[in-house]
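Asker: The structure file input.tsv (TSV, C-alpha atoms) is provided below.
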chain	number	residue	atom	x	y	z
A	1	MET	CA	113.62	103.30	70.68
A	2	LEU	CA	117.26	102.87	71.57
A	3	GLN	CA	119.67	105.11	69.76
A	4	GLN	CA	122.51	103.02	68.45
A	5	ASP	CA	124.85	106.02	68.26
A	6	ARG	CA	124.43	106.60	71.97
A	7	GLU	CA	126.66	104.26	73.85
A	8	GLN	CA	124.73	101.69	75.86
A	9	ILE	CA	126.93	100.75	78.79
A	10	THR	CA	124.48	99.08	81.13
A	11	VAL	CA	124.20	95.33	80.64
A	12	ALA	CA	120.92	93.59	81.35
A	13	PRO	CA	121.20	91.05	84.21
A	14	ASP	CA	120.70	88.08	81.89
A	15	GLY	CA	123.58	89.28	79.74
A	16	ARG	CA	121.74	88.98	76.42
A	17	PRO	CA	122.21	91.73	73.81
A	18	ASP	CA	119.85	94.72	73.59
A	19	SER	CA	118.09	93.37	70.51
A	20	GLU	CA	116.83	90.36	72.48
A	21	GLN	CA	115.66	92.38	75.46
A	22	PRO	CA	111.96	93.07	76.11
A	23	GLN	CA	110.44	96.35	74.99
A	24	TRP	CA	110.12	97.81	78.50
A	25	ARG	CA	113.88	97.76	78.88
A	26	GLN	CA	114.13	100.10	75.90
A	27	ASP	CA	111.37	102.32	77.26
A	28	PHE	CA	112.96	102.62	80.71
A	29	PRO	CA	116.71	102.64	80.09
A	30	VAL	CA	119.12	102.77	83.01
A	31	ASP	CA	121.67	104.93	81.22
A	32	SER	CA	121.24	108.68	81.62
A	33	PRO	CA	122.05	109.56	77.97
A	34	GLN	CA	119.36	107.15	76.75
A	35	ASP	CA	116.92	108.38	79.36
A	36	ASN	CA	117.43	112.05	78.51
A	37	TYR	CA	117.36	111.57	74.77
A	38	VAL	CA	114.17	112.38	72.89
A	39	ALA	CA	114.27	111.08	69.34
A	40	ARG	CA	113.21	113.45	66.57
A	41	ARG	CA	110.58	110.94	65.52
A	42	ASP	CA	109.13	110.77	69.05
A	43	PHE	CA	108.99	114.56	69.28
A	44	THR	CA	107.25	114.78	65.91
A	45	LYS	CA	104.80	112.10	66.98
A	46	PHE	CA	104.06	114.07	70.14
A	47	LEU	CA	103.49	117.28	68.15
A	48	VAL	CA	101.19	115.61	65.61
A	49	LEU	CA	99.10	113.77	68.19
A	50	THR	CA	98.75	116.85	70.40
A	51	SER	CA	97.70	119.03	67.46
A	52	LEU	CA	95.25	116.34	66.41
A	53	ALA	CA	93.77	116.30	69.93
A	54	PHE	CA	93.32	120.08	69.84
A	55	ALA	CA	91.71	119.92	66.39
A	56	ILE	CA	89.28	117.21	67.51
A	57	GLY	CA	88.50	119.30	70.58
A	58	GLN	CA	87.47	122.23	68.36
A	59	PHE	CA	85.11	119.99	66.40
A	60	TRP	CA	83.72	118.61	69.64
A	61	ILE	CA	82.92	122.13	70.83
A	62	ALA	CA	81.20	122.89	67.50
A	63	VAL	CA	79.12	119.70	67.78
A	64	GLN	CA	78.15	120.56	71.34
A	65	ASN	CA	77.07	124.03	70.28
A	66	PHE	CA	74.97	122.55	67.50
A	67	PHE	CA	73.07	120.35	69.93
A	68	ARG	CA	72.77	123.06	72.54
A	69	GLU	CA	71.04	125.35	70.08
A	70	ARG	CA	68.64	122.61	69.01
A	71	ARG	CA	67.74	121.70	72.56
A	72	GLY	CA	64.58	123.74	72.34
A	73	GLU	CA	62.93	126.32	74.50
A	74	TRP	CA	63.59	126.69	78.19
A	75	PRO	CA	60.73	125.60	80.42
A	76	ILE	CA	58.48	128.28	81.84
A	77	GLN	CA	58.08	128.00	85.59
A	78	ARG	CA	56.13	130.04	88.10
A	79	ILE	CA	58.37	131.45	90.79
A	80	ALA	CA	56.25	133.65	93.02
A	81	GLY	CA	53.81	136.50	93.09
A	82	VAL	CA	55.20	140.01	92.84
A	83	ASP	CA	54.09	140.86	96.37
A	84	GLU	CA	55.58	137.72	97.95
A	85	ILE	CA	59.07	139.18	97.92
A	86	PRO	CA	59.84	142.36	99.91
A	87	ILE	CA	62.05	145.16	98.61
A	88	GLY	CA	65.64	144.22	99.36
A	89	GLY	CA	64.65	140.63	99.96
A	90	ALA	CA	65.68	137.39	98.30
A	91	LEU	CA	63.85	134.22	97.36
A	92	THR	CA	65.42	130.91	96.40
A	93	PHE	CA	63.89	128.58	93.84
A	94	LEU	CA	64.89	125.69	91.58
A	95	TYR	CA	65.17	126.25	87.82
A	96	PRO	CA	65.39	124.82	85.13
A	97	THR	CA	65.66	121.43	86.86
A	98	GLU	CA	65.28	120.51	90.50
A	99	HIS	CA	69.06	120.33	90.82
A	100	ASP	CA	69.73	123.94	89.75
A	101	GLN	CA	69.45	126.36	92.61
A	102	CYS	CA	68.50	129.93	91.76
A	103	VAL	CA	67.81	133.05	93.71
A	104	MET	CA	65.56	136.00	92.91
A	105	VAL	CA	66.21	139.38	94.49
A	106	ARG	CA	64.36	142.67	94.52
A	107	PRO	CA	66.83	145.53	94.97
A	108	SER	CA	64.19	148.19	94.28
A	109	GLN	CA	60.44	148.60	93.87
A	110	GLN	CA	60.41	147.71	90.16
A	111	GLY	CA	63.65	145.79	89.83
A	112	PHE	CA	63.39	142.04	89.94
A	113	VAL	CA	66.48	140.08	89.00
A	114	ALA	CA	67.22	136.37	89.32
A	115	PHE	CA	70.51	134.53	89.16
A	116	SER	CA	71.75	131.01	89.30
A	117	ARG	CA	73.26	130.29	92.71
A	118	GLN	CA	76.16	128.41	91.15
A	119	CYS	CA	79.39	130.26	91.87
A	120	THR	CA	81.34	130.75	88.64
A	121	HIS	CA	84.57	129.79	90.37
A	122	LEU	CA	84.01	126.19	91.51
A	123	SER	CA	80.21	125.85	91.55
A	124	CYS	CA	79.53	126.26	95.26
A	125	SER	CA	76.13	127.71	96.19
A	126	VAL	CA	76.28	131.45	96.76
A	127	VAL	CA	74.33	132.91	99.70
A	128	PRO	CA	72.39	136.15	99.25
A	129	GLU	CA	73.38	138.81	101.77
A	130	PRO	CA	70.99	141.71	101.07
A	131	ASP	CA	72.24	143.83	104.01
A	132	LYS	CA	75.76	143.82	102.52
A	133	GLY	CA	74.50	144.14	98.96
A	134	ARG	CA	76.16	141.02	97.69
A	135	PHE	CA	76.01	137.31	97.05
A	136	TYR	CA	78.63	135.57	99.14
A	137	CYS	CA	80.35	132.32	98.27
A	138	PRO	CA	81.64	130.71	101.49
A	139	CYS	CA	83.99	128.29	99.77
A	140	HIS	CA	86.68	130.77	98.70
A	141	GLU	CA	85.37	134.13	99.97
A	142	GLY	CA	83.97	135.08	96.60
A	143	ALA	CA	81.37	137.84	96.27
A	144	PHE	CA	79.00	139.00	93.55
A	145	ASP	CA	77.08	142.23	93.18
A	146	PHE	CA	73.53	142.00	94.47
A	147	ALA	CA	71.88	143.84	91.58
A	148	THR	CA	73.94	142.72	88.58
A	149	GLY	CA	75.54	139.42	89.64
A	150	SER	CA	78.98	140.58	88.50
A	151	PRO	CA	81.97	139.46	90.55
A	152	ILE	CA	83.27	141.99	93.06
A	153	ALA	CA	85.65	140.01	95.27
A	154	GLY	CA	87.50	136.73	95.50
A	155	PRO	CA	88.47	134.21	92.85
A	156	PRO	CA	85.38	134.30	90.55
A	157	ARG	CA	85.97	136.16	87.26
A	158	ARG	CA	82.63	135.66	85.50
A	159	PRO	CA	79.19	136.93	86.60
A	160	LEU	CA	76.48	134.61	87.84
A	161	SER	CA	74.15	133.17	85.18
A	162	ARG	CA	71.09	135.35	84.86
A	163	ILE	CA	67.58	133.87	84.88
A	164	LYS	CA	65.24	135.55	82.38
A	165	LEU	CA	62.04	136.65	84.03
A	166	ASP	CA	58.56	137.36	82.74
A	167	PHE	CA	55.71	139.09	84.56
A	168	LYS	CA	52.10	138.17	83.96
A	169	GLN	CA	49.23	139.41	86.12
A	170	GLY	CA	51.38	139.93	89.17
A	171	VAL	CA	53.10	136.58	88.94
A	172	ILE	CA	56.80	136.12	88.07
A	173	TYR	CA	57.81	133.35	85.70
A	174	ALA	CA	61.29	132.08	84.85
A	175	THR	CA	61.65	131.71	81.09
A	176	GLY	CA	65.25	130.96	80.44
A	177	VAL	CA	68.90	130.93	81.60
A	178	GLU	CA	71.44	133.34	80.17
A	179	LEU	CA	75.03	132.19	80.54
A	180	ARG	CA	77.24	135.24	80.71
A	181	THR	CA	80.95	135.76	80.31
A	182	LEU	CA	81.17	139.49	80.99
B	183	MET	CA	132.73	116.11	81.78
B	184	PRO	CA	132.78	112.33	82.29
B	185	ILE	CA	135.25	110.53	84.50
B	186	THR	CA	138.29	109.48	82.51
B	187	ALA	CA	138.31	105.74	81.87
B	188	ASN	CA	141.75	105.03	83.34
B	189	MET	CA	140.83	106.30	86.83
B	190	GLU	CA	139.56	103.49	89.01
B	191	PHE	CA	138.48	102.94	92.59
B	192	PHE	CA	140.11	100.22	94.70
B	193	ILE	CA	138.88	99.03	98.09
B	194	ASP	CA	141.22	97.07	100.34
B	195	ALA	CA	139.23	96.21	103.45
B	196	THR	CA	142.22	94.53	105.08
B	197	ARG	CA	143.94	97.92	105.28
B	198	CYS	CA	140.97	99.59	106.93
B	199	ILE	CA	141.65	100.77	110.47
B	200	GLY	CA	138.10	101.93	111.17
B	201	CYS	CA	139.11	105.55	111.82
B	202	GLN	CA	135.86	107.00	110.38
B	203	ALA	CA	137.81	109.63	108.43
B	204	CYS	CA	136.07	108.54	105.22
B	205	ALA	CA	132.64	108.89	106.82
B	206	GLN	CA	133.48	112.42	107.96
B	207	ALA	CA	134.95	113.40	104.62
B	208	CYS	CA	132.01	111.87	102.79
B	209	SER	CA	129.56	114.08	104.64
B	210	GLU	CA	131.48	117.11	103.37
B	211	CYS	CA	131.00	116.18	99.72
B	212	ASP	CA	128.92	118.75	97.89
B	213	THR	CA	126.64	116.26	96.15
B	214	HIS	CA	125.15	115.14	99.49
B	215	LYS	CA	126.36	117.75	101.96
B	216	GLY	CA	125.98	116.82	105.62
B	217	HIS	CA	125.02	113.21	104.90
B	218	SER	CA	127.64	110.52	104.80
B	219	MET	CA	126.96	108.00	102.07
B	220	ILE	CA	129.79	105.62	102.93
B	221	HIS	CA	129.17	102.55	105.08
B	222	LEU	CA	131.91	101.66	107.55
B	223	GLU	CA	130.95	98.22	108.77
B	224	TYR	CA	132.31	96.18	111.69
B	225	LEU	CA	132.51	92.54	110.73
B	226	ASP	CA	132.44	90.88	114.15
B	227	ARG	CA	132.72	93.63	116.71
B	228	ALA	CA	132.76	91.30	119.72
B	229	HIS	CA	135.85	89.45	118.62
B	230	SER	CA	137.64	91.55	116.04
B	231	VAL	CA	138.58	95.12	115.30
B	232	GLN	CA	138.24	94.43	111.59
B	233	SER	CA	136.16	97.03	109.79
B	234	ALA	CA	135.24	97.31	106.14
B	235	PRO	CA	134.39	100.43	104.16
B	236	VAL	CA	131.61	99.99	101.61
B	237	VAL	CA	131.17	102.48	98.80
B	238	CYS	CA	128.89	102.01	95.83
B	239	MET	CA	130.39	99.40	93.53
B	240	HIS	CA	128.68	100.90	90.42
B	241	CYS	CA	127.55	97.61	88.89
B	242	ASP	CA	127.40	97.01	85.15
B	243	SER	CA	123.75	96.03	85.55
B	244	PRO	CA	122.71	98.00	88.63
B	245	THR	CA	120.20	95.97	90.64
B	246	CYS	CA	118.96	99.16	92.33
B	247	ALA	CA	118.00	100.59	88.94
B	248	GLU	CA	116.54	97.26	87.81
B	249	VAL	CA	114.11	97.14	90.73
B	250	CYS	CA	113.23	100.85	90.74
B	251	PRO	CA	109.49	101.09	89.94
B	252	ALA	CA	109.73	104.83	89.32
B	253	ASP	CA	112.58	104.75	86.78
B	254	ALA	CA	114.47	107.11	89.09
B	255	ILE	CA	117.96	105.58	89.31
B	256	LYS	CA	120.15	106.38	86.35
B	257	ARG	CA	123.69	105.66	85.35
B	258	THR	CA	125.81	108.26	83.60
B	259	ASP	CA	127.73	107.25	80.51
B	260	ASP	CA	130.97	106.91	82.48
B	261	GLY	CA	129.38	104.12	84.51
B	262	VAL	CA	128.54	105.96	87.73
B	263	VAL	CA	125.17	105.08	89.25
B	264	GLN	CA	123.73	108.31	90.60
B	265	THR	CA	121.46	109.15	93.50
B	266	ALA	CA	117.79	108.71	92.61
B	267	ARG	CA	116.26	111.58	90.66
B	268	LYS	CA	114.32	113.68	93.11
B	269	PRO	CA	111.26	114.31	90.89
B	270	ARG	CA	110.89	110.59	90.28
B	271	CYS	CA	111.91	108.86	93.52
B	272	ILE	CA	108.90	107.64	95.49
B	273	ALA	CA	110.96	106.54	98.52
B	274	CYS	CA	109.72	102.96	98.20
B	275	ASN	CA	112.93	101.40	99.58
B	276	ASN	CA	113.09	98.77	96.81
B	277	CYS	CA	116.67	99.71	95.94
B	278	VAL	CA	117.75	99.64	99.57
B	279	LEU	CA	116.45	96.09	99.91
B	280	ALA	CA	117.70	94.91	96.53
B	281	CYS	CA	121.28	96.21	96.45
B	282	PRO	CA	123.58	93.21	97.02
B	283	PHE	CA	126.17	95.48	98.63
B	284	GLY	CA	123.70	97.35	100.85
B	285	VAL	CA	124.72	100.74	99.49
B	286	PRO	CA	121.62	102.93	98.97
B	287	LYS	CA	120.44	104.96	101.94
B	288	MET	CA	116.82	105.98	102.32
B	289	LYS	CA	116.62	109.57	103.48
B	290	THR	CA	113.08	109.69	104.78
B	291	GLU	CA	113.40	113.39	105.62
B	292	PHE	CA	113.84	114.12	101.89
B	293	LYS	CA	111.71	111.15	100.72
B	294	LEU	CA	114.70	110.32	98.54
B	295	MET	CA	117.14	107.48	98.09
B	296	MET	CA	120.68	108.83	98.28
B	297	LYS	CA	123.77	106.83	97.56
B	298	CYS	CA	127.47	107.06	96.99
B	299	ASP	CA	128.01	108.63	93.57
B	300	MET	CA	131.82	108.48	93.73
B	301	CYS	CA	131.74	112.23	94.55
B	302	TYR	CA	130.61	112.93	91.01
B	303	ASP	CA	131.20	116.67	91.33
B	304	ARG	CA	134.86	115.96	92.14
B	305	THR	CA	135.68	112.90	90.03
B	306	SER	CA	134.08	114.38	86.92
B	307	ALA	CA	136.40	117.37	87.37
B	308	GLY	CA	139.47	115.17	87.64
B	309	LYS	CA	139.72	115.15	91.44
B	310	ARG	CA	139.69	112.16	93.75
B	311	PRO	CA	136.60	111.22	95.82
B	312	MET	CA	136.52	112.64	99.35
B	313	CYS	CA	136.94	109.27	101.07
B	314	ALA	CA	139.98	108.31	98.98
B	315	THR	CA	141.67	111.65	99.67
B	316	VAL	CA	141.47	111.28	103.46
B	317	CYS	CA	141.92	107.54	104.00
B	318	PRO	CA	145.17	107.35	106.05
B	319	SER	CA	145.87	103.69	105.24
B	320	GLN	CA	144.65	104.02	101.62
B	321	ALA	CA	142.15	101.24	102.11
B	322	LEU	CA	140.16	103.42	99.75
B	323	PHE	CA	142.33	104.25	96.76
B	324	TYR	CA	141.43	106.16	93.63
B	325	GLY	CA	143.91	106.23	90.79
B	326	THR	CA	145.15	104.39	87.77
B	327	ARG	CA	145.72	100.66	87.59
B	328	GLU	CA	149.45	101.26	87.06
B	329	GLN	CA	149.67	103.24	90.28
B	330	ILE	CA	148.04	100.54	92.40
B	331	GLU	CA	150.18	97.80	90.83
B	332	GLU	CA	153.28	99.74	91.72
B	333	MET	CA	152.12	100.51	95.27
B	334	ARG	CA	150.65	97.08	96.08
B	335	PRO	CA	152.79	94.48	94.33
B	336	ARG	CA	151.19	91.61	96.26
B	337	SER	CA	147.57	92.60	95.60
B	338	ALA	CA	145.37	92.86	92.56
B	339	GLY	CA	141.91	94.22	92.01
B	340	ILE	CA	138.92	92.01	91.33
B	341	ASN	CA	135.60	93.35	90.13
B	342	GLN	CA	133.35	90.31	89.85
B	343	PHE	CA	131.14	89.14	92.68
B	344	LYS	CA	128.94	86.08	92.80
B	345	PHE	CA	125.66	86.25	94.66
B	346	GLY	CA	123.90	82.92	94.36
B	347	GLU	CA	123.66	82.26	90.65
B	348	GLN	CA	124.31	85.80	89.56
B	349	ILE	CA	127.75	87.21	88.82
B	350	ILE	CA	127.91	90.99	89.14
B	351	THR	CA	130.62	92.96	87.40
B	352	THR	CA	131.38	96.26	89.03
B	353	LYS	CA	133.25	99.44	88.19
B	354	VAL	CA	134.87	99.54	91.64
B	355	ASN	CA	137.58	96.98	92.39
B	356	MET	CA	138.11	94.99	95.58
B	357	MET	CA	141.73	94.09	96.39
B	358	LYS	CA	142.66	90.40	96.66
B	359	PRO	CA	146.01	88.62	96.86
B	360	ARG	CA	147.76	88.71	93.51
B	361	THR	CA	148.45	85.00	93.63
B	362	GLY	CA	145.42	82.83	93.13
B	363	GLU	CA	143.22	82.28	90.14
B	364	ALA	CA	139.87	83.44	91.55
B	365	LYS	CA	137.65	84.85	88.81
B	366	TYR	CA	135.11	86.26	91.22
B	367	VAL	CA	134.39	86.76	94.91
B	368	ASP	CA	131.77	84.22	95.97
B	369	VAL	CA	129.93	86.37	98.46
B	370	THR	CA	127.14	83.95	99.37
B	371	ALA	CA	129.66	81.19	100.09
B	372	ALA	CA	131.76	83.51	102.21
B	373	MET	CA	128.74	84.43	104.34
B	374	LYS	CA	128.95	81.03	106.06
B	375	GLU	CA	132.56	81.60	107.07
B	376	GLN	CA	133.39	82.78	110.54
B	377	ALA	CA	135.59	85.77	111.06
B	378	SER	CA	139.11	84.51	111.60
B	379	GLY	CA	139.55	86.88	114.52
B	380	LYS	CA	137.31	84.62	116.55
B	381	ASN	CA	140.17	82.20	117.15
B	382	ILE	CA	142.44	84.80	118.70
B	383	THR	CA	142.56	84.55	122.48
B	384	LEU	CA	144.65	86.47	124.94
B	385	ASN	CA	146.53	83.98	127.06
B	386	ILE	CA	148.90	86.34	128.86
B	387	LEU	CA	146.77	86.27	132.03
B	388	ASP	CA	146.16	82.52	132.03
B	389	SER	CA	148.99	81.90	134.53
B	390	VAL	CA	147.52	84.45	136.95
B	391	PHE	CA	144.21	82.66	137.23
B	392	GLU	CA	145.61	79.14	137.47
Any chance you could put this one into structure tokens?
Answerer:
Amino acid sequence: MLQQDREQITVAPDGRPDSEQPQWRQDFPVDSPQDNYVARRDFTKFLVLTSLAFAIGQFWIAVQNFFRERRGEWPIQRIAGVDEIPIGGALTFLYPTEHDQCVMVRPSQQGFVAFSRQCTHLSCSVVPEPDKGRFYCPCHEGAFDFATGSPIAGPPRRPLSRIKLDFKQGVIYATGVELRTL
Amino acid sequence: MPITANMEFFIDATRCIGCQACAQACSECDTHKGHSMIHLEYLDRAHSVQSAPVVCMHCDSPTCAEVCPADAIKRTDDGVVQTARKPRCIACNNCVLACPFGVPKMKTEFKLMMKCDMCYDRTSAGKRPMCATVCPSQALFYGTREQIEEMRPRSAGINQFKFGEQIITTKVNMMKPRTGEAKYVDVTAAMKEQASGKNITLNILDSVFE
């Protein structure tokens, strides 16, 4: 809105007064003082609408959490037999859907751990590098610890999602995904 | 600090001797250092030595700002149309094409339209623009209306220009003969006129070749 107390010196080409000019001329004034001026009402409107957006965002997160918890149990999926993976080796599989790449590693005789291959930086697929003891993300030189999945180099700050495992009669099953922040 | 209202710019193209001093001085102005924003035009170089300096006329309804799609060209409250705002200018050339006086210059190396801003750093501090300080024939004059009336008793400033159907009122004045009732300079009509210098011929050697 034009501020009447601010002198309007630019004349529209058709010469008609400001009150008869279209709205866009008020929104994009030629005069610097008009262009720089933010009315108190506009600033208040900006504050209220922004706060409202944040408040709605909080409710949206709560609603999402509600549905996430009601989504039900994770599927149980056979990955491999215990003896199919050598010590220090890695095995890729898809879980919980066919679009989610995961990797299972065996750092020691008894230790089986599985992680999502989705890099926590920008979701590239990490590559297991057992000889270097790490998962390597080629996109931005990120690296995760081989045994724990925690970030050790590069831009990622959060550990890889861990896949819950279950052992039954020498066969390994995936039973869930644990999203981790620390 | 805005430019005081009584200080005005007067262009008298008939006094211009084409010495390029204004162009040199302009490039030393701090608001566009190293880049001359003044246009020193030859009218009909083949037949006449007449040249005309063109600075921004600072229109009351700046066509450059009207056509700017990025809302980048702004006019300060003392009526000076400034160079496009760097964060907004998209280097689209609309202003360069639209300006009836051909003033804006597209600086592709900066992706920015730059134009004569009447040396805003100087005039807003009470000094004269660079071009007006150096012009040896004072074809470019910056001062009060009383000063120019005293110095040029036979001339008077005019600040209305007609382009087709549109009459543009400017902040900068163009000098015209004091006699005569012209309300505006009809630019589009004058475009059809030939430069008067075309009729001048040198006949001193005619007898040699006869």
Asker: Under the rule that only C-alpha atoms are counted, which of A:Thr10, A:Pro96, A:Phe112, A:Ser125 is the nearest residue to Asp83 (chain A)?
Answerer: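 Between A:Thr10, A:Pro96, A:Phe112, A:Ser125, the residue approaching Asp83 (chain A) most closely is A:Phe112.
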Asker: What does the distance from CA of Val285 (chain B) to CA of Cys246 (chain B) come to in Å, to one decimal?
Answerer: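 Going from CA of Val285 (chain B) over to CA of Cys246 (chain B) covers 9.3 Å.
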Asker: Rank nothing, just name the residue among B:Thr361, B:Thr196, B:Thr213, B:Ser243 nearest to chain A, using all atoms listed in the file.
Answerer: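 Counting all atoms listed in the file, the residue closest to chain A is B:Ser243.
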Asker: For chain A, which residue out of B:Lys256, B:Arg227, B:His217, B:His240 is the nearest one, using all atoms listed in the file?
Answerer: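 For chain A, the nearest of the candidates is B:Lys256.
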Asker: Starting from chain A, keep only residues with some atom at most 12 Å from an atom of chain B, counting all atoms listed in the file, and report them as a ChimeraX atom specification.
Answerer: /A:6-16,24-36
Asker: Do you have the CA of Gln109 (chain A)-CA of Lys168 (chain A) distance handy?
Answerer: 16.6 Å
Asker: Tell me which protein, DNA and RNA residues are within 8 Å of Gly154 (chain A), counting all atoms listed in the file, leaving out same-chain ones fewer than 5 positions away, and put them as number ranges by chain.
Answerer: A: 140-143
Asker: Using only C-alpha atoms, can you list as a list in words the residues within 12 Å of (114.1, 108.7, 104.1)?
Answerer: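 Residues found, by chain and rising number: His217, Cys271, Ile272, Ala273, Cys274, Asn275, Val278, Pro286, Lys287, Met288, Lys289, Thr290, Glu291, Phe292, Lys293, Leu294, Met295, Met296 and Lys297 of chain B.
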Asker: Pick from B:Glu190, B:Asp368, B:Glu210, B:Glu347: nearest to Arg310 (chain B), with all atoms listed in the file counted?
Answerer: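 Closest to Arg310 (chain B) of all the choices is B:Glu190.
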Asker: Once you count all atoms listed in the file, which residues end up no further than 12 Å from (79.4, 139.3, 89.6) in the file's frame, shown as a ChimeraX atom specification?
Answerer: /A:115-121,126,133-137,142-162,180-182
Asker: Region 60-73 of chain A: which residues within 12 Å, counting all atoms listed in the file, same-chain residues fewer than 3 positions away excluded, as a list in words?
Answerer: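 Final neighbour list, sorted by chain and number: Ala53, Phe54, Ala55, Ile56, Gly57, Ile76, Pro96, Ala174, Thr175, Gly176 and Val177 of chain A.
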Asker: Go ahead and compute the interatomic distance for CA of Gln329 (chain B) and CA of Gln202 (chain B), in Å to one decimal.
Answerer: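 Taking CA of Gln329 (chain B) as the start and CA of Gln202 (chain B) as the end point, the length is 24.7 Å.
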Asker: Which one is closest to Cys298 (chain B): B:Ala266, B:Met183, B:Ile193, B:Ala321? Count all atoms listed in the file.
Answerer: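 Once distances to Cys298 (chain B) are computed over all atoms listed in the file, the minimum belongs to B:Ala266.
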Asker: Pick out the residues sitting within 10 Å of Lys358 (chain B), and hand them over as a PDB file with C-alpha atoms, in the frame of the given file; count all atoms listed in the file, and ignore anything fewer than 2 positions along from it in its own chain.
Answerer:
ATOM      1  CA  ILE B 193     138.880  99.030  98.090  1.00  0.00           C
ATOM      2  CA  ASP B 194     141.220  97.070 100.340  1.00  0.00           C
ATOM      3  CA  ALA B 195     139.230  96.210 103.450  1.00  0.00           C
ATOM      4  CA  THR B 196     142.220  94.530 105.080  1.00  0.00           C
ATOM      5  CA  ARG B 336     151.190  91.610  96.260  1.00  0.00           C
ATOM      6  CA  SER B 337     147.570  92.600  95.600  1.00  0.00           C
ATOM      7  CA  ALA B 338     145.370  92.860  92.560  1.00  0.00           C
ATOM      8  CA  GLY B 339     141.910  94.220  92.010  1.00  0.00           C
ATOM      9  CA  ILE B 340     138.920  92.010  91.330  1.00  0.00           C
ATOM     10  CA  ASN B 355     137.580  96.980  92.390  1.00  0.00           C
ATOM     11  CA  MET B 356     138.110  94.990  95.580  1.00  0.00           C
ATOM     12  CA  ARG B 360     147.760  88.710  93.510  1.00  0.00           C
ATOM     13  CA  THR B 361     148.450  85.000  93.630  1.00  0.00           C
ATOM     14  CA  GLY B 362     145.420  82.830  93.130  1.00  0.00           C
ATOM     15  CA  ALA B 364     139.870  83.440  91.550  1.00  0.00           C
ATOM     16  CA  VAL B 367     134.390  86.760  94.910  1.00  0.00           C
TER      17      VAL B 367
END
Asker: Go through B:Ile185, B:Ile199, B:Leu279, B:Val249 and flag the residue nearest Ala307 (chain B), using all atoms listed in the file for the distances.
Answerer: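 Under the stated criterion, the closest residue is B:Ile185.
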Asker: Show which residues sit within 10 Å of Val237 (chain B), as a list in words. Count all atoms listed in the file, and ignore same-chain residues fewer than 4 positions away.
Answerer: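 In the requested format, the answer is Phe191, Ile193, Met219, Ile220, His221, Leu222, Phe283, Gly284, Val285, Pro286, Lys297, Cys298, Asp299, Met300, Cys313, Leu322 and Val354 of chain B.
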Asker: Working from the structure I just supplied, which lacks atoms in region 60-72 of chain A, can you model N, CA and C atoms there and output them as a PDB file, in the coordinates of the input?
Answerer:
ATOM      1  N   TRP A  60      84.594 119.056  68.563  1.00  0.00           N
ATOM      2  CA  TRP A  60      83.720 118.610  69.640  1.00  0.00           C
ATOM      3  C   TRP A  60      82.930 119.798  70.199  1.00  0.00           C
ATOM      4  N   ILE A  61      83.600 120.939  70.338  1.00  0.00           N
ATOM      5  CA  ILE A  61      82.920 122.130  70.830  1.00  0.00           C
ATOM      6  C   ILE A  61      81.838 122.558  69.833  1.00  0.00           C
ATOM      7  N   ALA A  62      82.172 122.504  68.523  1.00  0.00           N
ATOM      8  CA  ALA A  62      81.200 122.890  67.500  1.00  0.00           C
ATOM      9  C   ALA A  62      79.970 121.966  67.557  1.00  0.00           C
ATOM     10  N   VAL A  63      80.221 120.664  67.706  1.00  0.00           N
ATOM     11  CA  VAL A  63      79.120 119.700  67.780  1.00  0.00           C
ATOM     12  C   VAL A  63      78.245 119.977  68.997  1.00  0.00           C
ATOM     13  N   GLN A  64      78.912 120.262  70.123  1.00  0.00           N
ATOM     14  CA  GLN A  64      78.150 120.560  71.340  1.00  0.00           C
ATOM     15  C   GLN A  64      77.270 121.787  71.157  1.00  0.00           C
ATOM     16  N   ASN A  65      77.839 122.811  70.519  1.00  0.00           N
ATOM     17  CA  ASN A  65      77.070 124.030  70.280  1.00  0.00           C
ATOM     18  C   ASN A  65      75.844 123.736  69.425  1.00  0.00           C
ATOM     19  N   PHE A  66      76.050 122.907  68.406  1.00  0.00           N
ATOM     20  CA  PHE A  66      74.970 122.550  67.500  1.00  0.00           C
ATOM     21  C   PHE A  66      73.806 121.931  68.287  1.00  0.00           C
ATOM     22  N   PHE A  67      74.135 121.011  69.178  1.00  0.00           N
ATOM     23  CA  PHE A  67      73.070 120.350  69.930  1.00  0.00           C
ATOM     24  C   PHE A  67      72.468 121.259  70.980  1.00  0.00           C
ATOM     25  N   ARG A  68      73.286 122.146  71.521  1.00  0.00           N
ATOM     26  CA  ARG A  68      72.770 123.060  72.540  1.00  0.00           C
ATOM     27  C   ARG A  68      71.724 123.999  71.943  1.00  0.00           C
ATOM     28  N   GLU A  69      71.989 124.436  70.709  1.00  0.00           N
ATOM     29  CA  GLU A  69      71.040 125.350  70.080  1.00  0.00           C
ATOM     30  C   GLU A  69      69.757 124.635  69.678  1.00  0.00           C
ATOM     31  N   ARG A  70      69.836 123.363  69.411  1.00  0.00           N
ATOM     32  CA  ARG A  70      68.640 122.610  69.010  1.00  0.00           C
ATOM     33  C   ARG A  70      67.870 122.062  70.196  1.00  0.00           C
ATOM     34  N   ARG A  71      68.342 122.360  71.409  1.00  0.00           N
ATOM     35  CA  ARG A  71      67.740 121.700  72.560  1.00  0.00           C
ATOM     36  C   ARG A  71      66.303 122.166  72.809  1.00  0.00           C
ATOM     37  N   GLY A  72      65.976 123.287  72.213  1.00  0.00           N
ATOM     38  CA  GLY A  72      64.580 123.740  72.340  1.00  0.00           C
ATOM     39  C   GLY A  72      64.439 124.844  73.366  1.00  0.00           C
TER      40      GLY A  72
END
